[in-house]
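Below is one structure; the comments refer to it alone.
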Amino acid sequence: MRITRYLTLWLLLVALVGTAQAQQDDPARSLLEALASASYAAKGEAIDAIVESGDARSRAWLEALNDGKLQKNKKTGQFVVVLANRGRNWPVEDALSGEPLGEMSRRELDRIGINNALRGQLRSTLAVLDLYVDNPDARLQAANDLLGQVDEAMMAPLNAVRDQESNEAVRDRLTEALAIYRLEQGDPQAIETLRGSLHPEARAALNGVVAGADAKLAAEAKAALSGIEQTLKINRGVETLYFGLSLGSVLVLAAIGLAITFGVMGVINMAHGELIMLGAYTSWGMQQLLPGQPGLAVILSIPAGFLVAGLAGVAIERCVIQFLKGRPLETLLATFGVSLILQQLVRTLISPLNRTVVTPEWMSGSLVINDALSLTLNRLYVLGFALLVFAALMLVMRRTRLGLEVRAVTQNRAMARSMGIRATRVDMLTFGLGAGVAGLAGVALAQLTNVGPNLGQSYIIDSFMVVVFGGVGNLWGTLVAGMSLGVINQVLEPWAGAVLAKIIVLVFIILFIQKRPRGLFPQKGRAAEG
Amino acid sequence: MTSSTAITALPSRASNSAMSPSGMWLTRPFTERSTRLFLGVLTLALALVTVLHLALPEGHALHVSSYTVTLLGKYLCYALLAVAVDLVWGYLGILSLGHGAFFALGGYAMGMYLMRQIGDRGVYGDPVLPDFMVFLNWDSLPWFWHGFDMAGFAFLMVLLAPGLLALVFGFLAFRSRVTGVYLSIITQALTFALMLAFFRNEMGFGGNNGLTDFRELLGFDLRSDATRLGLFLASGVALALGYVVCRGIVASKLGRVCVASRDAEARVRFLGYRVERVQLFVFVVSAMLAGVAGSLYVPQVGIINPSEFSPLFSIEVVVWVALGGRGTLYGAVIGAVLVNYAKTVFTGVMPDAWLFALGGLFVVVTVLLPKGIAGLMTRRSKPDNPTSLKEATP
Amino acid sequence: MSLLDALADRDRVFDFLVPAASPVDVRHGPILYLEDVNVSFDGFKAIDNLNLTINDGELRCIIGPNGAGKTTMMDIITGKTRPDSGEVWFGSRHNLLTKSEPEVASLGIGRKFQKPTVFEALSVFDNLELAMAADKRVLPTLAEKLSGEQRSRIDEVLETIGLETLRSRQAGILSHGQKQWLEIGMLLMQRPRLLLVDEPVAGMTEQEMERTAELLTSLAGKQSVVVVEHDMGFVRSIARQVTVLHQGSVLAEGTMDQVSNDSRVIEVYLGAEEEA
């Protein structure tokens with residue numbers, strides 16, 4: 001019975017797809033009138049007729065009917081959609097024109113009743129209906145919703161829709177949805193189709209068959225499942241790698257400024273974390289200045305963060321560090337003092353509470369690779385940003401006069417000075433550069449976490465570990481060390497937990513330093529010893 | 001690097017160790033004026049506080065309250081910790097940013113003993129399990145809690161736990177010649193890792209809340225005034241003993257090897273000394289002293305939790321030493337007492353300003369007062385100090 | 001080499017059979033023996049197939065332009081740098097390549113650095129005391145007390161190096177020349193079998209140089225002395241045997257006259273000296 005009805009439905013639908021039809025209000029009214037008839041069978045046919053009409057409002061009508069919100073005014077015979085059915089008086093709108101009609105008493109209205117059979121019909125009708133919209137993304141979404149929801153009645157129309165579908169992704173999805181149903185019916189060929197699927201519904205269907213009575217089918221399903229598990233494992237691996245690289249890019253950003261100051265000046269800057277914090281607050285401040293334009297604020301805060309943190313760095317160098325030349329341990333203590341002051345300054349001037357930075361639209365959301373893997377966009381941007389900053393720094397070091405002078409001072413301070421390089425000026429600029437990069441790290445971090453006075457503290461020890469692990473005075477070392485520590489951390493996390501993973505990484509580095517005191521990429525030769 | 005760290009010299013001993021009447025290194029310090037002076041002042045202070053606490057009635061202007069006695073006891077523990085840090089930093093040139101870890105381990109060892117002493121008087125009334133274990137639904141004591149019901153074992157662990165950690169860590173670090181800022185950073189990483197670990201409930205040390213609600217120590221009620229005075233005096237005696245041990249080391253030939261390897265490590269090796277073993281020995285002694293300080297600190301403040309492991313605390317200890325004057329030992333005591341007194345006053349009057357003051361102190365001390373208060377005092381007493389000449393000829 | 005081969009090798013002396021402080025065996029001639037030693041830093045060959053033999057009691061001068069590998073050679077002998085290949089033996093018993101710096105020092109090899117390195121925060125007396133041959137393990141050092149004999153030994157050396165009046169001054173305030181003397185004094189306190197002396201007369205007056213030359217020649221015979229020096233006049237005044245190093249290997253060896261007439265030496269070294 002129902003099969004034939006659906007058959008006619010899809011035949012008509014097919015006919016409708018290509019033909020644009022001007023719609024009149026009068027025929028639409030008669031469609032609704034048919035719904036109000038007393039017989040459920042007639043109602044069923046009326047639903048089909050509405051779908052056949054291809055009316056743009058048909059979805060709203062059918063949804064309202066499904067929710068019991070499509071009603072008829074007892075007196076005027078006007079069809080209305082109830083917007084909220086709480087209390088005595090309900091706000092309603094005209095079902096045909098969509099005009100708001102104010103409130104009506106529930107007693108004035110007559111609900112168009114449906115039974116369970118009709119509910120089932122409505123549900124599948126609604127599901128298929130969405131496959132006719134123009135937007136392919138919406139069609140894909142509709143097809144996604146169908147996974148595991150297909151029943152016998154929907155087979156035929158879905159098959160037809162699939163053959164008509166121009167978008168490959170939607171077509172594949174529909175094939176998958178149909179295969180899941182066919183598998184449930186014991187069709188061995190469906191397993192072949194589902195072999196490549198990563199959707200949980202497909203796995204659930206296969207699992208159902210494995211537990212089922214048909215031994216041959218169960219064995220095949222099992223084989224298909226193990227293949228899927230394999231693919232899932234790879235996907236999970238890729239995801240872990242992505243999270244690891246994302247964490248690693250944050251570490252690289254945080255550490256690379258430190259690597260420059262430490263490598264060139266032998267200075268341990270404990271206030272480095274607070275310079276990161278300043279960058280993050282600059283990003284937040286920029287958003288306060290440009291309300292409603294988070295995208296512009298983010299872009300502007302990149303140079304602003306660099307400048308604010310860089311100037312702060314130059315100030316620290318001029319006021320404190322230059323008086324502590326050649327006394328690295330004292331410098332460490334003094335800059336730690338500076339870090340306490342900066343933290344407390346932010347707490348007093350802004351707030352001890354965390355602030356959030358709005359993520360602009362083009363940075364939110366995620367990049368969907370497949371059912372099991374999607375990459376969040378903001379992390380992707382930060383990863384790219386880190387690599388960009390790294391490349392820029394490499395260029396500065398390799399191709400500019402400052403870079404040349406910095407390398408000269410790193411290798412032999414006395415000799416560089418005697419060749420006319422003003423080492424003090426190089427120190428100041430280097431420190432400013434390192435601090436500016438810290439500011440950039442802060443801008444990036446503000447997109448990932450809350451901005452607060454303690455932001456820097458939580459990154460300082462990690463940054464040191466990266467620098468020490470990578471080897472002092474080597475930017476490549478910092479990149480490799482940061483990325484690998486990020487990945488190691490993410491690999492350990494699932495079975496050790498976040499805190500334990502961190503502890504393990506710290507202990508690993510402590511042990512690593514014993515084996516290779518100069519890090520992964522040490523500076524070699526007589527000059528480096530001493 | 002080498003020339004800059006040579007700022008502190010040993011007290012001019014000319015050749016007094018050569019003339020020392022006894023070969024025992026521990027008695028050698030008593031022949032020094034500075035040690036006798038220090039011990040004299042300390043004894044006087046202990047006696048004065050005791051008398052003012054006991055003899056004067058409450059409400060008298062000069063009466064020292066039980067609260068103040070405990071506060072001073074806390075300062076003495078901090079002073080002992082500072083002396084331990086000065087031993088490795090001032091004489092060996094190792095800036096440890098992780099001495100808080102040894103302090104906390106000693107404290108935890110004592111805390112575990114005190115927890116076991118609570119017995120069935122806890123909230124849950126379990127005769128064996130401390131409250132937090134009952135709360136976590138544990139049904140038996142973890143293996144490392146056994147034995148802590150015996151005072152002797154617990155006190156031994158106060159020395160052994162930090163000592164062993166220092167031994168293993170130091171062995172690895174000094175063997176591969178990790179020095180300077182690298183060593184500082186990994187000591188900081190060590191204490192940070194321990195802090196994270198102790199925050200975990202699964203570790204079995206009470207997690208976040210740590211160990212608290214102590215009742216008695218060796219049968220004495222921790223809340224009674226007499227016990228508090230006793231702990232104060234015990235802290236004073238521990239400080240005196242620790243001071244003498246450290247002074248004994250630095251006044252011996254080994255102490256001179258320390259100073260020599262602080263300034264020119266490679267050269268000392270070429271003389272045939274195994275610098276890494278010297279460093280390891282002194283580092284372990286220092287860690288044990290820090291552990292003792294922690295163990296006396298815990299019953300006085302009534303709690304031990306993972307915050308004692310925080311890198312901030314360890315680095316704060318270093319600034320006490322820097323303020324007092326590194327490489328003098330007594331300077332560490334002066335610095336610890338001064339900074340902590342200031343902290344007590346500041347956090348009472350204007351808590352927000354304390355971090356500004358502490359941060360400023362770090363900067364001012366390192367930039368303007370590289371030799372600390374002790375340096376100021378010696379400069380006044382001997383204007384032609386040879387150590388200052390040294391800096392003029394790098 | 002497999003274990004069996006090792007056992008079959010009759011000349012091999014197993015490390016565990018050699019007591020740590022066993023005397024140096026010089027019955028077979030040389031006290032120091034370097035064979036085919038190679039070291040490179042980042043692809044740069046600092047030492048290239050170096051062969052060198054120092055006989056017991058010999059005074060040998062080693063000269064060579066900057067970068068010839070003189071200091072690196074000293075580093076290899078004293079255990080600071082490990083060569084990529086080659087052998088270094090002290091006497092016929094001690095393989096120096098298996099020893100750390102303190103072990104090399106306690107075998108009886110003393111070293112004076114190019115840049116005078118004394119312990120600036122310690123007194124002159126203390127500097128000598130630390131250098132003195134003694135039990136240098138940790139606990140004995142902690143408990144050690146000077147005996148009368150040791151004190152007079154220090155006084156003796158103080159006299160030799162002319163610093164008696166400065167005995168309780170901090171070493172840091174000494175002049176450059178005085179520091180050189182103090183370091184030589186520290187070498188004497190060690191009573192080494194072999195002295196490695198790197199540029200001993202840099203910063204000394206003519207008079208002081210003469211005294212140093214006298215001192216070094218008087219040591220030879222009882223002890224073996226290897227001197228690395230730039231000052232040709234000084235080398236001429238003390239040298240019997242001279243070795244010229246160039247680019248990490250031996251260029252020429254012989255008496256001062258032989259060496260200074262060697263055409264290759266004149267080309268690479270004496271020519272270079274004129275420029276400077």
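The chains in the structure tokens are called A, B, ... from first to last as shown; in each chain the residues are counted from 1, and the ligands are counted from 1 in the order shown.
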Taking only C-alpha atoms into account, report as a list in words which residues of chain C lie within 9 Å of chain A. Ser40, Phe41, Asp42, Phe44 and Thr72 of chain C
Atoms kept (N, CA, C and O atoms) for selection, written as a PDB file, in the first residue's frame:
ATOM      1  N   SER C  40      88.273  16.200  14.861  1.00  0.00           N
ATOM      2  CA  SER C  40      87.735  17.277  14.033  1.00  0.00           C
ATOM      3  C   SER C  40      86.539  17.908  14.728  1.00  0.00           C
ATOM      4  O   SER C  40      85.797  17.249  15.452  1.00  0.00           O
ATOM      5  N   PHE C  41      86.415  19.212  14.559  1.00  0.00           N
ATOM      6  CA  PHE C  41      85.276  19.960  15.075  1.00  0.00           C
ATOM      7  C   PHE C  41      84.464  20.411  13.874  1.00  0.00           C
ATOM      8  O   PHE C  41      84.934  21.230  13.091  1.00  0.00           O
ATOM      9  N   ASP C  42      83.249  19.867  13.749  1.00  0.00           N
ATOM     10  CA  ASP C  42      82.373  20.332  12.669  1.00  0.00           C
ATOM     11  C   ASP C  42      83.057  20.253  11.308  1.00  0.00           C
ATOM     12  O   ASP C  42      82.985  21.169  10.496  1.00  0.00           O
ATOM     13  N   PHE C  44      86.134  20.526  10.640  1.00  0.00           N
ATOM     14  CA  PHE C  44      87.459  21.121  10.625  1.00  0.00           C
ATOM     15  C   PHE C  44      88.428  20.206  11.366  1.00  0.00           C
ATOM     16  O   PHE C  44      88.214  19.870  12.527  1.00  0.00           O
ATOM     17  N   THR C  72      94.603  21.986  21.554  1.00  0.00           N
ATOM     18  CA  THR C  72      93.769  20.789  21.410  1.00  0.00           C
ATOM     19  C   THR C  72      94.550  19.544  21.798  1.00  0.00           C
ATOM     20  O   THR C  72      94.021  18.640  22.439  1.00  0.00           O
TER      21      THR C  72
END
I'd like the contact shell of Val467 (chain A) - 7 Å cut-off, only C-alpha atoms, skipping same-chain residues fewer than 6 positions apart - returned as a list of chain:residue names. A:Ala255, A:Ala259, A:Thr478
Identify all residues of region 127-289 of chain B in strand (DSSP E or B) (DSSP on the backbone) and supply them as a VMD selection string. chain B and resid 211 to 212 216 to 217 220 to 221
Filtering to C-alpha atoms, could you give me those residues as a PDB file, in the first residue's frame?
ATOM      1  CA  LEU B 211      48.117  16.893  54.836  1.00  0.00           C
ATOM      2  CA  THR B 212      46.552  18.769  57.741  1.00  0.00           C
ATOM      3  CA  GLU B 216      50.191  15.659  68.326  1.00  0.00           C
ATOM      4  CA  LEU B 217      53.912  15.161  67.866  1.00  0.00           C
ATOM      5  CA  PHE B 220      52.711  16.463  72.769  1.00  0.00           C
ATOM      6  CA  ASP B 221      49.583  18.358  71.830  1.00  0.00           C
TER       7      ASP B 221
END
Sort by chain and increasing residue number a table of all residues of chain C within 9 Å of chain B, each with its closest pair of atoms and their distance in Å to one decimal, counting only C-alpha atoms, and write it as CSV.
residue,atom,partner,partner_atom,distance
C:Thr78,CA,B:Phe270,CA,7.5
C:Lys80,CA,B:Ala266,CA,8.8
C:Ser100,CA,B:Arg269,CA,8.7
C:Glu101,CA,B:Arg269,CA,5.6
C:Pro102,CA,B:Gly272,CA,3.8
C:Glu103,CA,B:Gly272,CA,6.3
C:Val104,CA,B:Gly272,CA,7.4
C:Ala105,CA,B:Gly272,CA,4.7
C:Ser106,CA,B:Gly272,CA,5.1
C:Leu107,CA,B:Gly272,CA,8.6
C:Ile109,CA,B:Phe270,CA,8.5
C:Gly110,CA,B:Phe270,CA,7.0
C:Arg111,CA,B:Phe270,CA,6.8
C:Phe113,CA,B:Arg267,CA,8.5
C:Thr117,CA,B:Arg267,CA,6.9
C:Val118,CA,B:Ala264,CA,7.8
C:Phe119,CA,B:Ala260,CA,5.4
C:Glu120,CA,B:Ala6,CA,6.8
C:Ala121,CA,B:Ala9,CA,4.8
C:Leu122,CA,B:Ala9,CA,6.7
C:Ser123,CA,B:Ala14,CA,7.1
C:Phe125,CA,B:Ser15,CA,7.7
C:Asp126,CA,B:Arg256,CA,7.5
C:Asn127,CA,B:Ala260,CA,8.6
C:Glu129,CA,B:Lys253,CA,8.4
C:Leu130,CA,B:Val257,CA,7.0
C:Ala131,CA,B:Leu271,CA,5.8
C:Met132,CA,B:Leu271,CA,8.4
C:Ala133,CA,B:Leu271,CA,8.6
C:Lys136,CA,B:Tyr273,CA,5.5
C:Arg137,CA,B:Tyr273,CA,7.0
C:Val138,CA,B:Val278,CA,5.8
C:Leu139,CA,B:Leu254,CA,8.2
C:Pro140,CA,B:Leu254,CA,8.7
C:Thr141,CA,B:Leu254,CA,5.3
C:Leu142,CA,B:Leu254,CA,4.8
C:Ala143,CA,B:Trp25,CA,5.6
C:Glu144,CA,B:Lys253,CA,6.7
C:Lys145,CA,B:Gly23,CA,5.8
C:Leu146,CA,B:Ala18,CA,5.6
C:Ser147,CA,B:Ala18,CA,8.0
C:Gly148,CA,B:Ala18,CA,9.0
C:Arg151,CA,B:Ala18,CA,8.2
C:Arg167,CA,B:Ala14,CA,8.1
C:Ser168,CA,B:Ala14,CA,5.1
C:Arg169,CA,B:Ala14,CA,8.0
C:Gln170,CA,B:Pro386,CA,7.1
C:Gly172,CA,B:Lys390,CA,5.7
C:Ile173,CA,B:Lys390,CA,5.7
C:Met186,CA,B:Leu271,CA,8.7
C:Leu187,CA,B:Leu271,CA,8.6
C:Gln190,CA,B:Leu271,CA,7.4
Need to verify the contact set: Ala322 (chain B), 9 Å, only C-alpha atoms, exclusion of same-chain residues closer than 2 positions in sequence. Can you return it as a VMD selection string? chain B and resid 86 317 to 320 324 to 326 331 to 332 335 362 365 to 366 369 to 373
Please return, as number ranges by chain, all residues of chain A lying within 7 Å of chain B when only C-alpha atoms are considered. A: 323-324, 326-330, 333-334, 337-338, 340-341, 344, 461, 499, 503, 506, 510, 514-515, 517
Kindly give the distance, in Å, that separates CA of Leu146 (chain A) and CA of Ser366 (chain A), rounded to a single decimal.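 Distance between the two atoms: 22.4 Å.
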Please list as a list in words every residue within 8 Å of Met428 (chain A), counting only C-alpha atoms and excluding residues in the same chain fewer than 4 positions away.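 The neighbour list is Val314, Glu317, Arg318, Thr424 and Gly432 of chain A.
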Name the residues in contact with Met288 (chain B) at a cut-off of 7 Å, using only C-alpha atoms, excluding same-chain residues fewer than 2 positions from it; report them as a PyMOL selection string. chain B and resi 159+162-163+284-286+290-292
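For Asn208 (chain B), the set of protein, DNA and RNA residues having any atom at most 9 Å away, when counting only C-alpha atoms and skipping those fewer than 5 positions along the same chain, is Phe198, Phe199, Arg200, Asn201, Asn305, Pro306 and Ser307 of chain B.
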Could you list, as number ranges by chain, every residue within 9 Å of Arg171 (chain A), counting only C-alpha atoms and ignoring same-chain residues fewer than 6 positions away? A: 140, 143, 161-165
Grab the CA of Tyr281 (chain A) to CA of Val451 (chain A) distance for me, in Å with one decimal place.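 Spanning CA of Tyr281 (chain A) to CA of Val451 (chain A) is a straight-line distance of 6.6 Å.
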